file input-v7.txt (compact mmCIF, C-alpha atoms and all ligand atoms)
# COMPACT_ATOMS: atom_id res chain seq x y z
CA MET A 1 2.88 -28.46 0.81
CA THR A 2 4.06 -24.89 0.21
CA LYS A 3 1.31 -22.75 -1.28
CA THR A 4 1.66 -20.20 -4.05
CA ILE A 5 0.03 -16.80 -4.51
CA LEU A 6 0.15 -14.74 -7.70
CA ILE A 7 -0.14 -11.02 -6.94
CA THR A 8 -0.81 -8.42 -9.62
CA GLY A 9 0.39 -4.94 -8.72
CA ALA A 10 3.01 -6.13 -6.23
CA THR A 11 5.35 -3.18 -6.77
CA SER A 12 3.52 -0.92 -4.33
CA GLY A 13 0.78 -0.52 -1.73
CA PHE A 14 -1.55 -3.45 -0.96
CA GLY A 15 0.20 -5.83 -3.35
CA LYS A 16 3.64 -5.26 -1.86
CA ALA A 17 2.35 -5.50 1.73
CA SER A 18 0.57 -8.75 0.82
CA ALA A 19 3.78 -10.14 -0.71
CA GLU A 20 5.65 -9.40 2.51
CA LEU A 21 2.96 -10.96 4.71
CA PHE A 22 2.42 -14.12 2.65
CA VAL A 23 6.14 -14.86 2.26
CA SER A 24 6.65 -14.42 6.01
CA ASN A 25 4.00 -17.12 6.46
CA GLY A 26 5.88 -19.55 4.21
CA TRP A 27 4.11 -18.94 0.88
CA LYS A 28 5.76 -18.89 -2.54
CA LEU A 29 5.12 -15.74 -4.52
CA ILE A 30 4.63 -14.79 -8.14
CA LEU A 31 4.98 -11.01 -8.11
CA THR A 32 3.94 -8.86 -11.04
CA GLY A 33 3.66 -5.22 -12.06
CA ARG A 34 5.11 -3.02 -14.79
CA ARG A 35 8.12 -1.72 -12.83
CA GLN A 36 10.82 -4.33 -13.30
CA ASP A 37 13.30 -2.53 -10.99
CA ARG A 38 10.87 -2.68 -8.06
CA LEU A 39 10.13 -6.34 -8.71
CA GLN A 40 13.84 -7.11 -8.68
CA GLU A 41 14.29 -5.22 -5.40
CA LEU A 42 11.40 -7.19 -3.90
CA GLN A 43 12.88 -10.46 -5.07
CA GLU A 44 16.19 -9.54 -3.44
CA GLN A 45 14.39 -8.57 -0.25
CA LEU A 46 12.06 -11.58 -0.03
CA GLY A 47 14.27 -14.38 -1.29
CA LYS A 48 15.04 -15.70 -4.75
CA THR A 49 13.97 -19.30 -4.30
CA ASN A 50 10.49 -18.39 -3.07
CA VAL A 51 9.80 -15.53 -5.43
CA HIS A 52 9.21 -15.53 -9.18
CA ILE A 53 8.83 -12.10 -10.78
CA ALA A 54 7.27 -11.08 -14.08
CA ALA A 55 7.05 -7.53 -15.40
CA PHE A 56 4.11 -6.93 -17.73
CA ASP A 57 1.07 -4.77 -18.26
CA VAL A 58 -2.26 -6.35 -17.28
CA ARG A 59 -3.98 -4.34 -20.03
CA ASN A 60 -2.09 -6.31 -22.66
CA ARG A 61 -3.70 -9.70 -23.26
CA GLN A 62 -0.70 -11.10 -25.16
CA GLN A 63 1.65 -10.11 -22.34
CA VAL A 64 -0.66 -11.77 -19.79
CA GLU A 65 -0.76 -14.96 -21.86
CA ALA A 66 3.03 -14.99 -22.27
CA MET A 67 3.59 -14.40 -18.56
CA ILE A 68 1.38 -17.35 -17.65
CA LYS A 69 3.13 -19.62 -20.17
CA ASP A 70 6.50 -18.65 -18.66
CA ILE A 71 5.67 -19.47 -15.03
CA PRO A 72 8.30 -21.98 -13.85
CA LYS A 73 6.98 -25.45 -13.00
CA GLU A 74 7.77 -25.06 -9.29
CA PHE A 75 5.42 -22.05 -9.15
CA GLY A 76 2.81 -23.64 -11.43
CA ASN A 77 0.19 -24.68 -8.85
CA ILE A 78 -1.37 -21.32 -8.06
CA ASP A 79 -3.49 -21.42 -4.90
CA ILE A 80 -4.45 -17.74 -4.85
CA LEU A 81 -4.80 -15.19 -7.61
CA LEU A 82 -4.81 -11.74 -6.01
CA ASN A 83 -6.23 -9.41 -8.65
CA ASN A 84 -4.92 -6.24 -7.07
CA ALA A 85 -3.41 -4.18 -9.93
CA GLY A 86 -5.58 -1.17 -10.47
CA LEU A 87 -5.82 2.56 -10.46
CA ALA A 88 -8.00 5.64 -10.31
CA LEU A 89 -7.26 8.56 -12.60
CA GLY A 90 -8.66 11.98 -11.84
CA LEU A 91 -11.42 13.17 -9.56
CA GLY A 92 -13.23 15.55 -11.89
CA PRO A 93 -16.90 15.50 -12.85
CA ALA A 94 -17.93 13.15 -15.66
CA HIS A 95 -18.49 15.90 -18.23
CA GLU A 96 -14.97 17.27 -17.80
CA THR A 97 -12.88 14.10 -17.56
CA ASP A 98 -10.33 12.82 -20.04
CA LEU A 99 -11.77 9.92 -22.03
CA ASP A 100 -8.32 8.33 -22.25
CA GLU A 101 -8.25 8.15 -18.45
CA TRP A 102 -11.63 6.42 -18.39
CA GLU A 103 -10.39 3.94 -20.98
CA ASN A 104 -7.22 3.29 -18.97
CA MET A 105 -9.24 2.50 -15.83
CA VAL A 106 -11.55 0.17 -17.75
CA ASP A 107 -8.59 -1.58 -19.40
CA THR A 108 -6.70 -2.02 -16.13
CA ASN A 109 -9.40 -2.55 -13.49
CA ILE A 110 -11.82 -4.55 -15.64
CA LYS A 111 -10.06 -6.07 -18.64
CA GLY A 112 -6.80 -6.81 -16.81
CA LEU A 113 -8.75 -8.55 -14.06
CA LEU A 114 -10.67 -10.55 -16.67
CA TYR A 115 -7.56 -11.69 -18.57
CA MET A 116 -5.85 -12.85 -15.39
CA THR A 117 -8.91 -14.63 -14.04
CA ARG A 118 -9.90 -16.38 -17.26
CA LEU A 119 -6.38 -17.65 -17.87
CA ILE A 120 -5.63 -18.82 -14.32
CA LEU A 121 -9.02 -20.35 -13.45
CA PRO A 122 -8.97 -23.55 -15.57
CA ALA A 123 -5.96 -24.96 -13.71
CA MET A 124 -7.60 -24.18 -10.37
CA VAL A 125 -10.80 -25.92 -11.46
CA ALA A 126 -8.80 -28.93 -12.68
CA ARG A 127 -7.08 -29.15 -9.25
CA LYS A 128 -10.40 -28.49 -7.46
CA THR A 129 -8.74 -25.92 -5.25
CA GLY A 130 -7.98 -22.23 -5.48
CA HIS A 131 -9.01 -18.77 -4.40
CA ILE A 132 -9.60 -15.67 -6.49
CA ILE A 133 -9.28 -12.51 -4.41
CA ASN A 134 -10.28 -9.29 -6.16
CA LEU A 135 -9.60 -5.73 -5.08
CA GLY A 136 -12.87 -3.86 -5.21
CA SER A 137 -13.47 -0.68 -3.27
CA ILE A 138 -16.12 1.11 -1.27
CA ALA A 139 -16.39 3.11 -4.51
CA GLY A 140 -17.98 0.03 -6.08
CA SER A 141 -20.98 0.34 -3.75
CA TRP A 142 -21.12 3.99 -2.83
CA PRO A 143 -21.05 6.92 -5.26
CA TYR A 144 -19.12 10.11 -4.61
CA PRO A 145 -18.39 13.16 -6.76
CA GLY A 146 -15.53 12.30 -9.10
CA GLY A 147 -15.89 8.57 -8.51
CA ASN A 148 -17.61 8.10 -11.89
CA THR A 149 -15.71 5.50 -13.94
CA TYR A 150 -13.39 4.38 -11.15
CA GLY A 151 -16.36 3.46 -8.95
CA ALA A 152 -18.05 1.75 -11.87
CA THR A 153 -15.00 -0.43 -12.53
CA LYS A 154 -15.05 -1.46 -8.87
CA ALA A 155 -18.79 -2.23 -9.10
CA PHE A 156 -17.76 -4.53 -11.93
CA ALA A 157 -15.25 -6.27 -9.65
CA GLN A 158 -17.94 -6.71 -7.01
CA GLN A 159 -20.56 -8.22 -9.32
CA PHE A 160 -18.03 -10.28 -11.28
CA SER A 161 -16.84 -11.78 -7.98
CA ARG A 162 -20.41 -12.76 -7.10
CA ASN A 163 -21.04 -14.20 -10.55
CA LEU A 164 -17.80 -16.17 -10.39
CA ARG A 165 -18.99 -17.76 -7.15
CA ALA A 166 -22.19 -18.77 -8.92
CA ASP A 167 -20.27 -20.37 -11.80
CA LEU A 168 -17.77 -22.06 -9.51
CA ALA A 169 -20.28 -23.76 -7.23
CA GLY A 170 -19.16 -27.35 -6.71
CA THR A 171 -15.57 -26.76 -7.80
CA GLY A 172 -14.14 -25.94 -4.37
CA ILE A 173 -12.79 -22.62 -5.66
CA ARG A 174 -13.28 -19.63 -3.36
CA VAL A 175 -13.91 -16.04 -4.45
CA THR A 176 -13.61 -12.90 -2.33
CA ASN A 177 -14.00 -9.22 -3.11
CA ILE A 178 -12.07 -6.89 -0.77
CA GLU A 179 -13.66 -3.43 -0.61
CA PRO A 180 -11.48 -0.89 1.19
CA GLY A 181 -12.07 2.79 1.74
CA LEU A 182 -9.47 5.50 2.28
CA ALA A 183 -6.01 3.90 2.37
CA GLU A 184 -2.65 5.57 1.96
CA SER A 185 -0.39 4.10 -0.74
CA GLU A 186 0.70 5.41 -4.13
CA PHE A 187 -2.97 5.30 -5.15
CA SER A 188 -3.69 9.04 -4.78
CA ILE A 189 -0.33 10.07 -6.27
CA VAL A 190 -1.35 8.13 -9.38
CA ARG A 191 -4.88 9.50 -9.24
CA PHE A 192 -3.56 13.08 -9.19
CA GLY A 193 -1.11 12.55 -12.04
CA GLY A 194 2.03 12.41 -9.86
CA ASP A 195 1.16 15.44 -7.68
CA VAL A 196 2.59 14.21 -4.37
CA GLU A 197 1.50 17.31 -2.40
CA LYS A 198 -2.10 17.09 -3.57
CA ALA A 199 -2.14 13.41 -2.69
CA ALA A 200 -0.71 14.07 0.78
CA LYS A 201 -3.39 16.74 1.39
CA LEU A 202 -6.12 14.14 0.95
CA TYR A 203 -4.85 12.26 3.99
CA GLU A 204 -4.06 15.33 6.10
CA GLY A 205 -5.68 15.16 9.55
CA THR A 206 -6.97 11.62 8.94
CA GLU A 207 -5.78 8.19 10.02
CA PRO A 208 -6.26 6.21 6.82
CA LEU A 209 -6.00 2.45 6.40
CA THR A 210 -2.49 1.21 5.64
CA PRO A 211 -1.41 -1.35 3.06
CA ALA A 212 -0.50 -3.62 6.00
CA ASP A 213 -4.12 -3.41 7.27
CA ILE A 214 -5.40 -4.61 3.90
CA ALA A 215 -2.76 -7.33 3.59
CA GLU A 216 -3.86 -8.70 6.97
CA ILE A 217 -7.48 -8.84 5.81
CA ILE A 218 -6.45 -10.58 2.60
CA TYR A 219 -4.39 -13.08 4.57
CA TRP A 220 -7.30 -13.67 6.96
CA THR A 221 -9.75 -14.41 4.13
CA ALA A 222 -7.20 -16.79 2.60
CA SER A 223 -6.48 -18.65 5.81
CA ARG A 224 -10.09 -19.54 6.73
CA PRO A 225 -10.84 -23.27 6.67
CA ALA A 226 -11.42 -24.61 3.14
CA HIS A 227 -15.22 -24.80 3.60
CA VAL A 228 -15.49 -21.09 4.48
CA ASN A 229 -15.88 -18.49 1.72
CA ILE A 230 -15.65 -14.82 2.68
CA ASN A 231 -17.74 -13.28 -0.11
CA ALA A 232 -16.77 -9.68 0.55
CA VAL A 233 -15.10 -7.48 3.12
CA GLU A 234 -15.99 -3.79 3.21
CA VAL A 235 -13.58 -1.84 5.37
CA MET A 236 -13.06 1.86 6.11
CA PRO A 237 -10.84 3.68 8.54
CA VAL A 238 -12.77 4.86 11.59
CA CYS A 239 -12.33 8.44 10.40
CA GLN A 240 -14.37 7.75 7.23
CA SER A 241 -18.11 7.19 6.93
CA TRP A 242 -21.02 8.12 4.68
CA GLY A 243 -20.90 11.84 5.38
CA ASN A 244 -20.00 13.19 1.99
CA PHE A 245 -23.31 13.19 0.12
CA VAL A 246 -23.78 16.41 -1.78
CA ILE A 247 -27.02 18.34 -1.27
CA ASP A 248 -27.75 21.09 -3.76
CA ARG A 249 -29.74 23.52 -1.58
CA LYS A 250 -31.57 26.22 -3.45
CA LYS A 251 -30.92 29.50 -1.70
P1 LIG A 301 -0.82 1.59 -5.60
O1 LIG A 301 -0.87 2.67 -6.61
O2 LIG A 301 0.09 1.76 -4.43
O3 LIG A 301 -0.52 0.19 -6.31
C1 LIG A 301 -1.13 -0.15 -7.53
C2 LIG A 301 -0.40 -1.34 -8.14
O4 LIG A 301 -1.06 -1.68 -9.37
C3 LIG A 301 1.05 -1.06 -8.45
O5 LIG A 301 1.83 -2.14 -8.04
C4 LIG A 301 1.07 -0.93 -9.98
O6 LIG A 301 2.30 -1.45 -10.48
C5 LIG A 301 -0.08 -1.87 -10.38
N1 LIG A 301 -0.60 -1.54 -11.70
C6 LIG A 301 -1.29 -0.43 -12.07
N2 LIG A 301 -1.55 -0.46 -13.39
C7 LIG A 301 -1.02 -1.62 -13.88
C8 LIG A 301 -0.96 -2.21 -15.16
N3 LIG A 301 -1.49 -1.62 -16.23
N4 LIG A 301 -0.32 -3.40 -15.30
C9 LIG A 301 0.22 -4.02 -14.22
N5 LIG A 301 0.19 -3.50 -12.97
C10 LIG A 301 -0.42 -2.31 -12.80
O7 LIG A 301 -2.34 1.44 -5.10
P2 LIG A 301 -3.02 0.50 -3.97
O8 LIG A 301 -2.09 -0.51 -3.45
O9 LIG A 301 -3.70 1.40 -3.02
O10 LIG A 301 -4.16 -0.17 -4.86
C11 LIG A 301 -4.24 -1.54 -5.12
C12 LIG A 301 -5.67 -1.87 -5.51
O11 LIG A 301 -6.55 -1.53 -4.45
C13 LIG A 301 -6.17 -1.12 -6.74
O12 LIG A 301 -6.98 -2.00 -7.49
C14 LIG A 301 -7.02 0.00 -6.14
O13 LIG A 301 -8.02 0.43 -7.01
C15 LIG A 301 -7.59 -0.68 -4.94
N6 LIG A 301 -8.02 0.18 -3.84
C16 LIG A 301 -7.21 1.16 -3.33
C17 LIG A 301 -7.67 1.95 -2.28
C18 LIG A 301 -6.86 3.06 -1.72
O14 LIG A 301 -7.46 4.01 -1.14
N7 LIG A 301 -5.54 3.05 -1.79
C19 LIG A 301 -8.97 1.71 -1.66
C20 LIG A 301 -9.75 0.68 -2.31
C21 LIG A 301 -9.27 -0.06 -3.33
P3 LIG A 301 3.17 -0.79 -11.67
O15 LIG A 301 2.94 0.70 -11.60
O16 LIG A 301 4.57 -1.22 -11.36
O17 LIG A 301 2.63 -1.41 -12.90
C1 LIG A 302 -10.25 3.88 -3.33
C2 LIG A 302 -11.07 4.40 -2.21
O1 LIG A 302 -12.78 6.15 -1.55
O2 LIG A 302 -10.92 6.85 -2.96
O3 LIG A 302 -10.88 2.82 -3.94
O4 LIG A 302 -12.66 5.52 -3.89
S1 LIG A 302 -11.90 5.79 -2.68

call {"tool": "encode", "arguments": {"input": "input-v7.txt", "output": "structure tokens"}}
result
Amino acid sequence: MTKTILITGATSGFGKASAELFVSNGWKLILTGRRQDRLQELQEQLGKTNVHIAAFDVRNRQQVEAMIKDIPKEFGNIDILLNNAGLALGLGPAHETDLDEWENMVDTNIKGLLYMTRLILPAMVARKTGHIINLGSIAGSWPYPGGNTYGATKAFAQQFSRNLRADLAGTGIRVTNIEPGLAESEFSIVRFGGDVEKAAKLYEGTEPLTPADIAEIIYWTASRPAHVNINAVEVMPVCQSWGNFVIDRKK
């Protein structure tokens, strides 16, 4: 039977690359994000019969509830929820950041993920099959200057994924947390408030991960045999490692 994946944040980056990969492997897609025009383009590109689109904001619980109610019957059996929508805002030190930006990251990366998971899970448990795949980050395990709230939201995704596994023991539901490092998408453009040049500078002279790299890892975790649960995948580009710890040397 054709399987269905619901992807949050499908309008760009990892979500879009995952949509392209899953549909090419015969999956049906529910694609979401705030940018309706991009969702429509994707639907045109990937095929109307296999793709349902829904534009909404994951921070808005009522919109999430309405979206789930409106899923057409033929897309109703969701096999994978890919909780991918997320963002980082700013890279300043904690004492200088904008509190609204912190709140936005918490609302998107934590509360959005919670709304989606809590509302989709019961049907998976009832069917005794399903897979929740969350987008964490290396920032959820490893601190760096300016990572502050972003990293903490990804630590939430990591620990929530583990706790979900504990709750879901015996249900057949799988849970995976994907933890990428430096990857080039719209992520840094968003992080730097739309400053495309500043974002491009971050990747200068590096060979970052690509959205296609991450989509392949997501697809791999999803296509393991049903008795295999990949708990987490931490992945960096070869050019990145743990070399950025700050040492305050007294002169
Ligand atoms: P992009 O900025 O390219 O994509 C982010 C996606 O999230 C977009 O489709 C955006 O859609 C969606 N989104 C953001 N806010 C909301 C919201 N409030 N409601 C609904 N959708 C939203 O970034 P990436 O593809 O790189 O990032 C995807 C995930 O991976 C994020 O969770 C990110 O934190 C994580 N990640 C990214 C890394 C990187 O270096 N790129 C590394 C590790 C993790 P729209 O704007 O249309 O709403
Ligand atoms: C994004 C990767 O290293 O910028 O999650 O935090 S990093």

call {"tool": "residues_near_ligand", "arguments": {"input": "input-v7.txt", "ligand": "ligand LIG 301 (chain A)", "cutoff": "7 Å", "atoms": "all atoms listed in the file", "output": "ChimeraX atom specification"}}
result
/A:8-15,32-35,56-59,84-88,108-109,135-138,179-188,190,211

call {"tool": "residues_around", "arguments": {"input": "input-v7.txt", "residues": "Gly170 in chain A", "least_positions_apart": "3", "cutoff": "9 Å", "atoms": "only C-alpha atoms", "output": "ChimeraX atom specification"}}
result
/A:128,167,173

call {"tool": "atom_distance", "arguments": {"input": "input-v7.txt", "atom1": "CA of Ala166 in chain A", "atom2": "CA of Lys3 in chain A"}}
result
25.0 Å

call {"tool": "closest_residue", "arguments": {"input": "input-v7.txt", "among": "A:Ala226, A:Val125, A:Leu164, A:Ala94", "to": "Gly147 in chain A", "atoms": "only C-alpha atoms"}}
result
A:Ala94

call {"tool": "atom_distance", "arguments": {"input": "input-v7.txt", "atom1": "CA of Gly172 in chain A", "atom2": "CA of Met67 in chain A"}}
result
25.5 Å

call {"tool": "residues_around", "arguments": {"input": "input-v7.txt", "residues": "Ile133 in chain A", "least_positions_apart": "5", "cutoff": "12 Å", "atoms": "all atoms listed in the file", "output": "VMD selection string"}}
result
chain A and resid 5 to 8 15 18 79 to 85 113 116 to 117 121 157 to 158 160 to 162 164 to 165 173 to 179 215 217 to 222 229 to 233

call {"tool": "residues_around", "arguments": {"input": "input-v7.txt", "residues": "Trp102 in chain A", "least_positions_apart": "4", "cutoff": "7 Å", "atoms": "all atoms listed in the file", "output": "PyMOL selection string"}}
result
chain A and resi 98+106+149

call {"tool": "closest_residue", "arguments": {"input": "input-v7.txt", "among": "A:Thr171, A:Ser141, A:Thr206, A:Asn50", "to": "ligand LIG 302 (chain A)", "atoms": "only C-alpha atoms and all ligand atoms"}}
result
A:Ser141

call {"tool": "closest_residue", "arguments": {"input": "input-v7.txt", "among": "A:Asp248, A:Glu197, A:Glu234, A:Glu101", "to": "ligand LIG 302 (chain A)", "atoms": "all atoms listed in the file"}}
result
A:Glu234

call {"tool": "atom_distance", "arguments": {"input": "input-v7.txt", "atom1": "CA of Lys73 in chain A", "atom2": "CA of Ser24 in chain A"}}
result
22.0 Å

call {"tool": "axis_aligned_box", "arguments": {"input": "input-v7.txt", "around": "ligand LIG 302 (chain A)", "padding_each_side": "3 Å", "output": "lines of an AutoDock Vina configuration file"}}
result
center_x = -11.5
center_y = 4.8
center_z = -2.7
size_x = 8.5
size_y = 10.0
size_z = 8.4

call {"tool": "residues_around", "arguments": {"input": "input-v7.txt", "residues": "Glu41 in chain A", "least_positions_apart": "2", "cutoff": "12 Å", "atoms": "only C-alpha atoms", "output": "ChimeraX atom specification"}}
result
/A:10-12,16,31,35-39,43-48,51,53

call {"tool": "closest_residue", "arguments": {"input": "input-v7.txt", "among": "A:Ile68, A:Phe75, A:Lys111, A:Gly90", "to": "Asp195 in chain A", "atoms": "all atoms listed in the file"}}
result
A:Gly90

call {"tool": "closest_residue", "arguments": {"input": "input-v7.txt", "among": "A:Tyr203, A:Gly26, A:Gly130, A:Lys198", "to": "Leu168 in chain A", "atoms": "only C-alpha atoms"}}
result
A:Gly130

call {"tool": "closest_residue", "arguments": {"input": "input-v7.txt", "among": "A:Ile189, A:Ala152, A:Ala212, A:Ala139", "to": "ligand LIG 302 (chain A)", "atoms": "all atoms listed in the file"}}
result
A:Ala139

call {"tool": "residues_near_point", "arguments": {"input": "input-v7.txt", "point": "(-11.4, 7.0, 10.1)", "cutoff": "9 Å", "atoms": "only C-alpha atoms", "output": "list in words"}}
result
Leu182, Thr206, Glu207, Pro208, Leu209, Met236, Pro237, Val238, Cys239, Gln240 and Ser241 of chain A

call {"tool": "build_atoms", "arguments": {"input": "input-v7.txt", "residues": "range 57-67 of chain A", "atoms": "all heavy atoms", "output": "PDB file, in the coordinates of the input"}}
result
ATOM      1  N   ASP A  57       2.202  -5.677 -18.416  1.00  0.00           N
ATOM      2  CA  ASP A  57       1.070  -4.770 -18.260  1.00  0.00           C
ATOM      3  C   ASP A  57      -0.223  -5.581 -18.321  1.00  0.00           C
ATOM      4  O   ASP A  57      -0.472  -6.263 -19.330  1.00  0.00           O
ATOM      5  CB  ASP A  57       1.122  -3.746 -19.425  1.00  0.00           C
ATOM      6  CG  ASP A  57       0.140  -2.608 -19.239  1.00  0.00           C
ATOM      7  OD1 ASP A  57      -0.957  -2.848 -18.713  1.00  0.00           O
ATOM      8  OD2 ASP A  57       0.494  -1.476 -19.638  1.00  0.00           O
ATOM      9  N   VAL A  58      -1.033  -5.514 -17.276  1.00  0.00           N
ATOM     10  CA  VAL A  58      -2.260  -6.350 -17.280  1.00  0.00           C
ATOM     11  C   VAL A  58      -3.244  -5.944 -18.366  1.00  0.00           C
ATOM     12  O   VAL A  58      -4.172  -6.699 -18.674  1.00  0.00           O
ATOM     13  CB  VAL A  58      -3.011  -6.338 -15.913  1.00  0.00           C
ATOM     14  CG1 VAL A  58      -2.245  -7.057 -14.824  1.00  0.00           C
ATOM     15  CG2 VAL A  58      -3.417  -4.947 -15.486  1.00  0.00           C
ATOM     16  N   ARG A  59      -3.062  -4.763 -18.953  1.00  0.00           N
ATOM     17  CA  ARG A  59      -3.980  -4.340 -20.030  1.00  0.00           C
ATOM     18  C   ARG A  59      -3.692  -5.057 -21.334  1.00  0.00           C
ATOM     19  O   ARG A  59      -4.485  -4.990 -22.272  1.00  0.00           O
ATOM     20  CB  ARG A  59      -3.848  -2.825 -20.265  1.00  0.00           C
ATOM     21  CG  ARG A  59      -4.339  -1.990 -19.111  1.00  0.00           C
ATOM     22  CD  ARG A  59      -3.953  -0.540 -19.293  1.00  0.00           C
ATOM     23  NE  ARG A  59      -2.502  -0.369 -19.297  1.00  0.00           N
ATOM     24  CZ  ARG A  59      -1.889   0.804 -19.413  1.00  0.00           C
ATOM     25  NH1 ARG A  59      -2.603   1.904 -19.537  1.00  0.00           N
ATOM     26  NH2 ARG A  59      -0.576   0.872 -19.399  1.00  0.00           N
ATOM     27  N   ASN A  60      -2.531  -5.704 -21.407  1.00  0.00           N
ATOM     28  CA  ASN A  60      -2.090  -6.310 -22.660  1.00  0.00           C
ATOM     29  C   ASN A  60      -2.300  -7.829 -22.616  1.00  0.00           C
ATOM     30  O   ASN A  60      -1.570  -8.550 -21.930  1.00  0.00           O
ATOM     31  CB  ASN A  60      -0.614  -5.959 -22.878  1.00  0.00           C
ATOM     32  CG  ASN A  60      -0.106  -6.449 -24.205  1.00  0.00           C
ATOM     33  OD1 ASN A  60      -0.369  -7.586 -24.608  1.00  0.00           O
ATOM     34  ND2 ASN A  60       0.624  -5.600 -24.895  1.00  0.00           N
ATOM     35  N   ARG A  61      -3.306  -8.284 -23.337  1.00  0.00           N
ATOM     36  CA  ARG A  61      -3.700  -9.700 -23.260  1.00  0.00           C
ATOM     37  C   ARG A  61      -2.559 -10.627 -23.670  1.00  0.00           C
ATOM     38  O   ARG A  61      -2.351 -11.674 -23.046  1.00  0.00           O
ATOM     39  CB  ARG A  61      -4.926  -9.897 -24.152  1.00  0.00           C
ATOM     40  CG  ARG A  61      -5.512 -11.261 -24.068  1.00  0.00           C
ATOM     41  CD  ARG A  61      -6.877 -11.263 -24.721  1.00  0.00           C
ATOM     42  NE  ARG A  61      -7.251 -12.590 -25.140  1.00  0.00           N
ATOM     43  CZ  ARG A  61      -8.379 -12.869 -25.770  1.00  0.00           C
ATOM     44  NH1 ARG A  61      -9.236 -11.897 -26.051  1.00  0.00           N
ATOM     45  NH2 ARG A  61      -8.665 -14.092 -26.134  1.00  0.00           N
ATOM     46  N   GLN A  62      -1.808 -10.249 -24.713  1.00  0.00           N
ATOM     47  CA  GLN A  62      -0.700 -11.100 -25.160  1.00  0.00           C
ATOM     48  C   GLN A  62       0.371 -11.210 -24.076  1.00  0.00           C
ATOM     49  O   GLN A  62       0.929 -12.278 -23.836  1.00  0.00           O
ATOM     50  CB  GLN A  62      -0.049 -10.561 -26.450  1.00  0.00           C
ATOM     51  CG  GLN A  62      -0.859 -10.807 -27.714  1.00  0.00           C
ATOM     52  CD  GLN A  62      -2.095  -9.912 -27.811  1.00  0.00           C
ATOM     53  OE1 GLN A  62      -2.049  -8.746 -27.427  1.00  0.00           O
ATOM     54  NE2 GLN A  62      -3.193 -10.464 -28.297  1.00  0.00           N
ATOM     55  N   GLN A  63       0.636 -10.085 -23.420  1.00  0.00           N
ATOM     56  CA  GLN A  63       1.650 -10.110 -22.340  1.00  0.00           C
ATOM     57  C   GLN A  63       1.172 -10.980 -21.167  1.00  0.00           C
ATOM     58  O   GLN A  63       1.963 -11.690 -20.547  1.00  0.00           O
ATOM     59  CB  GLN A  63       1.944  -8.698 -21.843  1.00  0.00           C
ATOM     60  CG  GLN A  63       2.786  -7.885 -22.811  1.00  0.00           C
ATOM     61  CD  GLN A  63       3.120  -6.499 -22.259  1.00  0.00           C
ATOM     62  OE1 GLN A  63       3.064  -6.229 -21.068  1.00  0.00           O
ATOM     63  NE2 GLN A  63       3.487  -5.600 -23.164  1.00  0.00           N
ATOM     64  N   VAL A  64      -0.126 -10.925 -20.880  1.00  0.00           N
ATOM     65  CA  VAL A  64      -0.660 -11.770 -19.790  1.00  0.00           C
ATOM     66  C   VAL A  64      -0.502 -13.240 -20.171  1.00  0.00           C
ATOM     67  O   VAL A  64      -0.027 -14.066 -19.376  1.00  0.00           O
ATOM     68  CB  VAL A  64      -2.141 -11.428 -19.494  1.00  0.00           C
ATOM     69  CG1 VAL A  64      -2.702 -12.374 -18.430  1.00  0.00           C
ATOM     70  CG2 VAL A  64      -2.291  -9.980 -19.033  1.00  0.00           C
ATOM     71  N   GLU A  65      -0.864 -13.562 -21.409  1.00  0.00           N
ATOM     72  CA  GLU A  65      -0.760 -14.960 -21.860  1.00  0.00           C
ATOM     73  C   GLU A  65       0.683 -15.449 -21.803  1.00  0.00           C
ATOM     74  O   GLU A  65       0.968 -16.560 -21.335  1.00  0.00           O
ATOM     75  CB  GLU A  65      -1.311 -15.084 -23.291  1.00  0.00           C
ATOM     76  CG  GLU A  65      -2.825 -15.000 -23.339  1.00  0.00           C
ATOM     77  CD  GLU A  65      -3.389 -14.810 -24.757  1.00  0.00           C
ATOM     78  OE1 GLU A  65      -2.613 -14.504 -25.692  1.00  0.00           O
ATOM     79  OE2 GLU A  65      -4.608 -14.949 -24.899  1.00  0.00           O
ATOM     80  N   ALA A  66       1.604 -14.598 -22.252  1.00  0.00           N
ATOM     81  CA  ALA A  66       3.030 -14.990 -22.270  1.00  0.00           C
ATOM     82  C   ALA A  66       3.545 -15.180 -20.851  1.00  0.00           C
ATOM     83  O   ALA A  66       4.282 -16.138 -20.558  1.00  0.00           O
ATOM     84  CB  ALA A  66       3.842 -13.915 -23.000  1.00  0.00           C
ATOM     85  N   MET A  67       3.148 -14.298 -19.946  1.00  0.00           N
ATOM     86  CA  MET A  67       3.590 -14.400 -18.560  1.00  0.00           C
ATOM     87  C   MET A  67       3.147 -15.737 -17.961  1.00  0.00           C
ATOM     88  O   MET A  67       3.914 -16.428 -17.301  1.00  0.00           O
ATOM     89  CB  MET A  67       2.991 -13.233 -17.769  1.00  0.00           C
ATOM     90  CG  MET A  67       3.340 -13.165 -16.308  1.00  0.00           C
ATOM     91  SD  MET A  67       2.407 -14.228 -15.185  1.00  0.00           S
ATOM     92  CE  MET A  67       0.742 -13.613 -15.346  1.00  0.00           C
TER      93      MET A  67
END
